[in-house]
>>> print(open('final.csv').read())   # CSV, C-alpha atoms and all ligand atoms
chain,number,residue,atom,x,y,z
A,1,MET,CA,-11.5,-22.8,45.0
A,2,ARG,CA,-9.1,-22.6,42.1
A,3,LYS,CA,-9.9,-20.4,39.2
A,4,THR,CA,-11.4,-21.6,35.9
A,5,ARG,CA,-8.7,-22.2,33.4
A,6,LEU,CA,-9.3,-21.4,29.7
A,7,LEU,CA,-7.0,-21.9,26.8
A,8,VAL,CA,-7.3,-19.9,23.6
A,9,VAL,CA,-5.8,-21.4,20.5
A,10,ASN,CA,-5.3,-19.4,17.3
A,11,GLY,CA,-4.0,-20.8,14.0
A,12,PRO,CA,-2.2,-19.4,11.0
A,13,ASN,CA,-2.5,-15.7,10.0
A,14,ILE,CA,-4.6,-14.7,13.0
A,15,ASN,CA,-1.5,-12.7,14.0
A,16,MET,CA,-2.2,-10.6,10.8
A,17,LEU,CA,-5.5,-9.3,12.1
A,18,GLY,CA,-5.9,-5.6,11.5
A,19,THR,CA,-3.9,-5.7,8.2
A,20,ARG,CA,-5.4,-8.8,6.8
A,21,GLU,CA,-8.5,-8.5,4.6
A,22,PRO,CA,-10.2,-5.9,6.9
A,23,ALA,CA,-13.5,-6.2,4.9
A,24,LEU,CA,-13.7,-9.8,6.1
A,25,TYR,CA,-11.9,-9.7,9.4
A,26,GLY,CA,-12.5,-6.2,10.6
A,27,GLY,CA,-10.1,-3.5,11.6
A,28,GLY,CA,-9.2,-4.8,15.1
A,29,THR,CA,-5.6,-5.7,15.3
A,30,TYR,CA,-4.0,-8.8,16.8
A,31,GLN,CA,-2.9,-6.6,19.7
A,32,ASP,CA,-6.6,-5.6,20.1
A,33,LEU,CA,-7.5,-9.3,20.2
A,34,LEU,CA,-4.9,-10.1,22.8
A,35,ALA,CA,-6.2,-7.2,24.9
A,36,LEU,CA,-9.8,-8.5,24.5
A,37,LEU,CA,-8.7,-12.0,25.7
A,38,GLU,CA,-7.0,-10.5,28.7
A,39,ALA,CA,-9.9,-8.2,29.6
A,40,THR,CA,-12.4,-11.1,29.2
A,41,ALA,CA,-10.4,-13.4,31.4
A,42,ARG,CA,-10.1,-10.6,34.0
A,43,ALA,CA,-13.9,-9.9,33.9
A,44,LEU,CA,-14.6,-13.7,34.2
A,45,GLY,CA,-12.0,-14.2,37.0
A,46,CYS,CA,-10.4,-16.9,34.9
A,47,ASP,CA,-6.8,-17.9,34.3
A,48,MET,CA,-6.3,-17.7,30.5
A,49,GLU,CA,-3.4,-18.9,28.3
A,50,HIS,CA,-3.2,-18.0,24.7
A,51,VAL,CA,-1.2,-19.7,21.9
A,52,GLN,CA,-1.0,-18.6,18.3
A,53,SER,CA,1.0,-20.5,15.7
A,54,ASN,CA,1.3,-20.5,11.9
A,55,ALA,CA,2.6,-24.1,12.1
A,56,GLU,CA,0.3,-27.1,12.3
A,57,GLY,CA,2.6,-29.2,14.3
A,58,GLU,CA,3.1,-26.5,16.9
A,59,LEU,CA,-0.7,-26.2,17.3
A,60,VAL,CA,-0.9,-30.0,17.7
A,61,THR,CA,1.8,-30.0,20.4
A,62,ALA,CA,0.2,-27.1,22.2
A,63,ILE,CA,-3.2,-28.9,22.2
A,64,GLN,CA,-1.6,-32.2,23.4
A,65,GLU,CA,0.1,-30.4,26.2
A,66,ALA,CA,-3.2,-28.8,27.3
A,67,ARG,CA,-4.6,-32.1,28.3
A,68,GLY,CA,-5.6,-32.0,32.0
A,69,ARG,CA,-4.4,-28.4,32.4
A,70,PHE,CA,-7.6,-26.5,31.3
A,71,ASP,CA,-11.3,-26.7,31.9
A,72,ALA,CA,-12.1,-25.7,28.3
A,73,ALA,CA,-10.7,-24.1,25.2
A,74,VAL,CA,-11.7,-21.6,22.6
A,75,VAL,CA,-10.2,-22.6,19.2
A,76,ASN,CA,-9.8,-20.7,16.0
A,77,ALA,CA,-7.7,-23.1,13.9
A,78,ALA,CA,-8.1,-20.7,11.0
A,79,ALA,CA,-7.3,-22.5,7.7
A,80,TYR,CA,-6.4,-25.7,9.5
A,81,THR,CA,-10.1,-25.9,10.4
A,82,HIS,CA,-10.7,-26.9,6.8
A,83,THR,CA,-7.8,-29.2,6.3
A,84,SER,CA,-6.3,-30.7,9.5
A,85,ILE,CA,-7.1,-34.1,10.8
A,86,ALA,CA,-4.1,-33.7,13.0
A,87,VAL,CA,-5.6,-30.7,14.8
A,88,ARG,CA,-8.9,-32.7,15.1
A,89,ASP,CA,-7.1,-35.7,16.6
A,90,ALA,CA,-5.2,-33.6,19.0
A,91,LEU,CA,-8.4,-32.0,20.3
A,92,LEU,CA,-9.9,-35.4,20.7
A,93,ALA,CA,-6.8,-36.7,22.5
A,94,SER,CA,-6.7,-33.7,24.8
A,95,GLU,CA,-10.3,-34.4,25.9
A,96,LEU,CA,-10.8,-30.6,26.2
A,97,PRO,CA,-14.3,-29.3,25.6
A,98,PHE,CA,-13.9,-26.5,23.1
A,99,VAL,CA,-15.8,-23.7,21.4
A,100,GLU,CA,-14.9,-23.3,17.7
A,101,VAL,CA,-14.6,-19.6,16.8
A,102,HIS,CA,-14.2,-17.9,13.4
A,103,VAL,CA,-14.0,-14.1,13.1
A,104,SER,CA,-15.7,-14.1,9.7
A,105,ASN,CA,-18.9,-15.9,8.7
A,106,VAL,CA,-17.4,-18.8,6.9
A,107,TYR,CA,-20.8,-19.7,5.4
A,108,LYS,CA,-20.8,-16.5,3.4
A,109,ARG,CA,-17.5,-17.3,1.8
A,110,GLU,CA,-16.0,-19.9,-0.5
A,111,ALA,CA,-17.5,-23.4,-0.4
A,112,PHE,CA,-14.3,-25.0,1.0
A,113,ARG,CA,-14.7,-23.0,4.2
A,114,ARG,CA,-18.0,-24.7,4.9
A,115,ARG,CA,-16.2,-27.9,5.7
A,116,SER,CA,-14.8,-28.0,9.2
A,117,TYR,CA,-12.9,-30.9,10.7
A,118,LEU,CA,-13.8,-29.5,14.1
A,119,SER,CA,-17.4,-28.6,14.2
A,120,ASP,CA,-18.8,-32.0,14.9
A,121,ILE,CA,-16.5,-32.4,17.9
A,122,ALA,CA,-16.9,-28.8,19.2
A,123,VAL,CA,-19.4,-28.0,21.9
A,124,CYS,CA,-20.6,-25.1,19.9
A,125,VAL,CA,-19.5,-22.9,17.0
A,126,ILE,CA,-19.4,-19.1,16.8
A,127,CYS,CA,-18.7,-17.4,13.5
A,128,GLY,CA,-19.2,-14.0,11.9
A,129,ALA,CA,-19.2,-12.0,15.2
A,130,GLY,CA,-15.8,-10.6,14.6
A,131,ILE,CA,-13.2,-10.7,17.3
A,132,ASP,CA,-16.1,-10.4,19.8
A,133,GLY,CA,-16.7,-14.1,19.1
A,134,TYR,CA,-13.7,-14.9,21.3
A,135,ARG,CA,-15.4,-13.0,24.2
A,136,MET,CA,-18.6,-14.9,23.6
A,137,GLY,CA,-16.8,-18.2,23.4
A,138,MET,CA,-14.8,-17.6,26.6
A,139,GLU,CA,-18.0,-16.5,28.5
A,140,PHE,CA,-19.8,-19.6,27.3
A,141,ALA,CA,-16.9,-21.9,28.1
A,142,ALA,CA,-16.5,-20.4,31.6
A,143,ARG,CA,-20.2,-20.7,32.3
A,144,ARG,CA,-20.5,-24.2,31.0
A,145,PHE,CA,-17.2,-25.8,32.0
A,146,GLY,CA,-15.8,-23.4,34.7
A,147,ARG,CA,-15.3,-24.2,38.3
A,148,GLY,CA,-18.7,-24.3,40.0
A,149,ALA,CA,-20.4,-24.5,36.6
A,150,SER,CA,-23.5,-26.7,36.3
A,151,GLU,CA,-24.2,-28.5,33.1
A,152,GLY,CA,-26.9,-26.9,31.0
B,201,LIG,C1,-11.1,-17.9,10.0
B,201,LIG,C2,-11.8,-18.5,8.7
B,201,LIG,C3,-10.9,-19.4,7.9
B,201,LIG,O1,-11.6,-19.9,6.8
B,201,LIG,C4,-9.7,-18.7,7.5
B,201,LIG,O2,-8.8,-19.6,6.8
B,201,LIG,C5,-9.0,-18.0,8.6
B,201,LIG,C6,-9.7,-17.3,9.6
B,201,LIG,C7,-11.9,-16.9,10.7
B,201,LIG,O3,-11.5,-16.6,11.8
B,201,LIG,O4,-12.8,-16.3,10.1
B,201,LIG,O5,-7.7,-17.9,8.6
B,201,LIG,O6,-10.9,-19.0,10.9
>>> encode(input="final.csv", output="structure tokens", more="lines below")
Ligand code: DQA
Amino acid sequence: MRKTRLLVVNGPNINMLGTREPALYGGGTYQDLLALLEATARALGCDMEHVQSNAEGELVTAIQEARGRFDAAVVNAAAYTHTSIAVRDALLASELPFVEVHVSNVYKREAFRRRSYLSDIAVCVICGAGIDGYRMGMEFAARRFGRGASEG
């Protein structure tokens, strides 16, 4: 049986974790996040690919190219969550079930962060759990959509 395949997508400024507004995003660095993604994939026995881009079009292309190649995705589109119909349309076109993740609790912040172009098409949303939210999202996605997973 082939392994479950998960895609993790990170949007703009996620590569600045660790130095960026640590009171909001925590002290964990981007390298810590990458290590967490790898460790989680290993623990789950999944194949995992990760893409991070600061450019909307690159995210759109990466999501388009994911069509048919993954069982599910974990997506932190960062600021594009609140602005990008293009990222939303790419996720719809890819037909990939996805978990929307935010490191910070967007509901405790500015009002504009409460609008997401993704939440209503996401399977679930995890926010405010810090970078651990990615682990939670990957575990959920693998359980729900992985090889041998049963709906529930
Ligand atoms: C974020 C929340 C967004 O509002 C913000 O623009 C980000 C990161 C988060 O992970 O908490 O860049 O998606």
>>> residues_near_ligand(input="final.csv", ligand="ligand LIG 201 (chain B)", cutoff="7 Å", atoms="all atoms listed in the file", output="list in words")
Pro12, Asn13, Ile14, Tyr25, Asn76, Ala77, Ala78, Ala79, Thr81, Val101, His102, Val103, Ser104, Asn105, Val106, Arg113 and Cys127 of chain A
>>> closest_residue(input="final.csv", among="A:Asp71, A:Asp47, A:Glu65, A:Glu38", to="Gly146 of chain A", atoms="all atoms listed in the file")
A:Asp71
>>> residues_around(input="final.csv", residues="Phe112 of chain A", least_positions_apart="3", cutoff="12 Å", atoms="only C-alpha atoms", output="PyMOL selection string")
chain A and resi 79-83+106-109+115-117
>>> atom_distance(input="final.csv", atom1="atom CA of Phe140 of chain A", atom2="atom CA of Ser53 of chain A")
23.8 Å
>>> closest_residue(input="final.csv", among="A:Val51, A:Val99, A:Leu44, A:Leu36", to="Glu139 of chain A", atoms="all atoms listed in the file")
A:Leu44
>>> closest_residue(input="final.csv", among="A:Leu91, A:Leu96, A:Leu7, A:Ile131", to="Met48 of chain A", atoms="all atoms listed in the file")
A:Leu7
>>> decode(input="final.csv", residues="segment 96-141 of chain A", atoms="N, CA and C atoms", output="compact mmCIF listing (two decimals), in the first residue's frame")
# COMPACT_ATOMS: atom_id res chain seq x y z
N LEU A 96 -8.32 19.29 -3.59
CA LEU A 96 -7.60 18.71 -2.45
C LEU A 96 -8.34 19.07 -1.17
N PRO A 97 -8.71 18.10 -0.35
CA PRO A 97 -9.24 18.47 0.96
C PRO A 97 -8.13 19.11 1.78
N PHE A 98 -8.45 20.18 2.49
CA PHE A 98 -7.37 20.85 3.22
C PHE A 98 -7.82 21.35 4.58
N VAL A 99 -6.82 21.42 5.46
CA VAL A 99 -6.98 21.99 6.79
C VAL A 99 -6.37 23.39 6.74
N GLU A 100 -7.13 24.38 7.15
CA GLU A 100 -6.61 25.76 7.22
C GLU A 100 -5.95 25.95 8.59
N VAL A 101 -4.71 26.38 8.58
CA VAL A 101 -3.97 26.57 9.84
C VAL A 101 -3.50 28.01 9.94
N HIS A 102 -3.60 28.55 11.15
CA HIS A 102 -2.95 29.82 11.46
C HIS A 102 -2.21 29.67 12.78
N VAL A 103 -1.01 30.18 12.82
CA VAL A 103 -0.19 30.09 14.03
C VAL A 103 -0.85 30.89 15.15
N SER A 104 -1.26 32.09 14.82
CA SER A 104 -1.87 32.98 15.82
C SER A 104 -3.39 32.79 15.82
N ASN A 105 -4.00 33.28 16.89
CA ASN A 105 -5.46 33.26 16.95
C ASN A 105 -5.97 34.51 16.23
N VAL A 106 -6.37 34.32 14.98
CA VAL A 106 -6.76 35.47 14.16
C VAL A 106 -8.00 36.18 14.70
N TYR A 107 -8.77 35.50 15.54
CA TYR A 107 -9.99 36.10 16.10
C TYR A 107 -9.69 37.05 17.25
N LYS A 108 -8.46 37.01 17.75
CA LYS A 108 -8.06 37.93 18.82
C LYS A 108 -7.39 39.17 18.27
N ARG A 109 -7.34 39.29 16.95
CA ARG A 109 -6.53 40.34 16.33
C ARG A 109 -7.42 41.32 15.58
N GLU A 110 -6.84 42.00 14.59
CA GLU A 110 -7.61 43.01 13.86
C GLU A 110 -8.82 42.37 13.18
N ALA A 111 -9.86 43.18 13.00
CA ALA A 111 -11.11 42.67 12.42
C ALA A 111 -10.88 42.08 11.02
N PHE A 112 -9.97 42.67 10.24
CA PHE A 112 -9.80 42.17 8.86
C PHE A 112 -9.28 40.74 8.81
N ARG A 113 -8.67 40.27 9.93
CA ARG A 113 -8.16 38.89 9.94
C ARG A 113 -9.26 37.88 10.20
N ARG A 114 -10.44 38.37 10.56
CA ARG A 114 -11.56 37.44 10.81
C ARG A 114 -12.21 36.99 9.52
N ARG A 115 -11.92 37.70 8.44
CA ARG A 115 -12.47 37.26 7.15
C ARG A 115 -11.46 36.33 6.49
N SER A 116 -11.91 35.15 6.15
CA SER A 116 -11.06 34.20 5.43
C SER A 116 -11.77 33.79 4.15
N TYR A 117 -11.00 33.83 3.05
CA TYR A 117 -11.55 33.34 1.78
C TYR A 117 -11.47 31.82 1.69
N LEU A 118 -10.93 31.20 2.75
CA LEU A 118 -10.68 29.76 2.70
C LEU A 118 -11.53 28.94 3.65
N SER A 119 -11.95 29.54 4.77
CA SER A 119 -12.54 28.73 5.84
C SER A 119 -13.77 27.94 5.39
N ASP A 120 -14.60 28.54 4.55
CA ASP A 120 -15.84 27.84 4.18
C ASP A 120 -15.61 26.69 3.20
N ILE A 121 -14.40 26.62 2.64
CA ILE A 121 -14.10 25.47 1.76
C ILE A 121 -13.07 24.54 2.41
N ALA A 122 -12.59 24.92 3.61
CA ALA A 122 -11.66 24.04 4.34
C ALA A 122 -12.45 22.94 5.04
N VAL A 123 -11.77 21.82 5.31
CA VAL A 123 -12.42 20.76 6.09
C VAL A 123 -12.52 21.21 7.53
N CYS A 124 -11.47 21.80 8.04
CA CYS A 124 -11.50 22.37 9.38
C CYS A 124 -10.45 23.46 9.49
N VAL A 125 -10.53 24.22 10.56
CA VAL A 125 -9.64 25.36 10.77
C VAL A 125 -8.99 25.21 12.14
N ILE A 126 -7.67 25.39 12.19
CA ILE A 126 -6.94 25.34 13.46
C ILE A 126 -6.22 26.67 13.58
N CYS A 127 -6.49 27.42 14.63
CA CYS A 127 -5.75 28.68 14.77
C CYS A 127 -5.47 28.95 16.23
N GLY A 128 -4.32 29.57 16.47
CA GLY A 128 -3.96 29.96 17.83
C GLY A 128 -3.19 28.91 18.60
N ALA A 129 -2.86 27.80 17.97
CA ALA A 129 -2.12 26.72 18.65
C ALA A 129 -0.62 26.84 18.43
N GLY A 130 -0.18 27.96 17.84
CA GLY A 130 1.25 28.10 17.52
C GLY A 130 1.61 27.15 16.39
N ILE A 131 2.92 26.88 16.26
CA ILE A 131 3.32 26.01 15.14
C ILE A 131 2.83 24.58 15.35
N ASP A 132 2.46 24.25 16.58
CA ASP A 132 1.89 22.92 16.83
C ASP A 132 0.61 22.69 16.02
N GLY A 133 -0.03 23.77 15.59
CA GLY A 133 -1.23 23.64 14.77
C GLY A 133 -0.97 22.86 13.48
N TYR A 134 0.26 22.96 12.96
CA TYR A 134 0.59 22.20 11.74
C TYR A 134 0.60 20.70 12.04
N ARG A 135 1.17 20.35 13.21
CA ARG A 135 1.19 18.92 13.59
C ARG A 135 -0.24 18.42 13.73
N MET A 136 -1.07 19.21 14.41
CA MET A 136 -2.46 18.81 14.59
C MET A 136 -3.15 18.64 13.23
N GLY A 137 -2.91 19.60 12.36
CA GLY A 137 -3.53 19.56 11.04
C GLY A 137 -3.08 18.35 10.24
N MET A 138 -1.78 18.05 10.29
CA MET A 138 -1.27 16.88 9.56
C MET A 138 -1.84 15.59 10.12
N GLU A 139 -1.91 15.50 11.46
CA GLU A 139 -2.45 14.27 12.07
C GLU A 139 -3.91 14.08 11.67
N PHE A 140 -4.67 15.18 11.72
CA PHE A 140 -6.08 15.10 11.34
C PHE A 140 -6.23 14.71 9.87
N ALA A 141 -5.44 15.37 9.02
CA ALA A 141 -5.55 15.12 7.57
C ALA A 141 -5.18 13.67 7.25
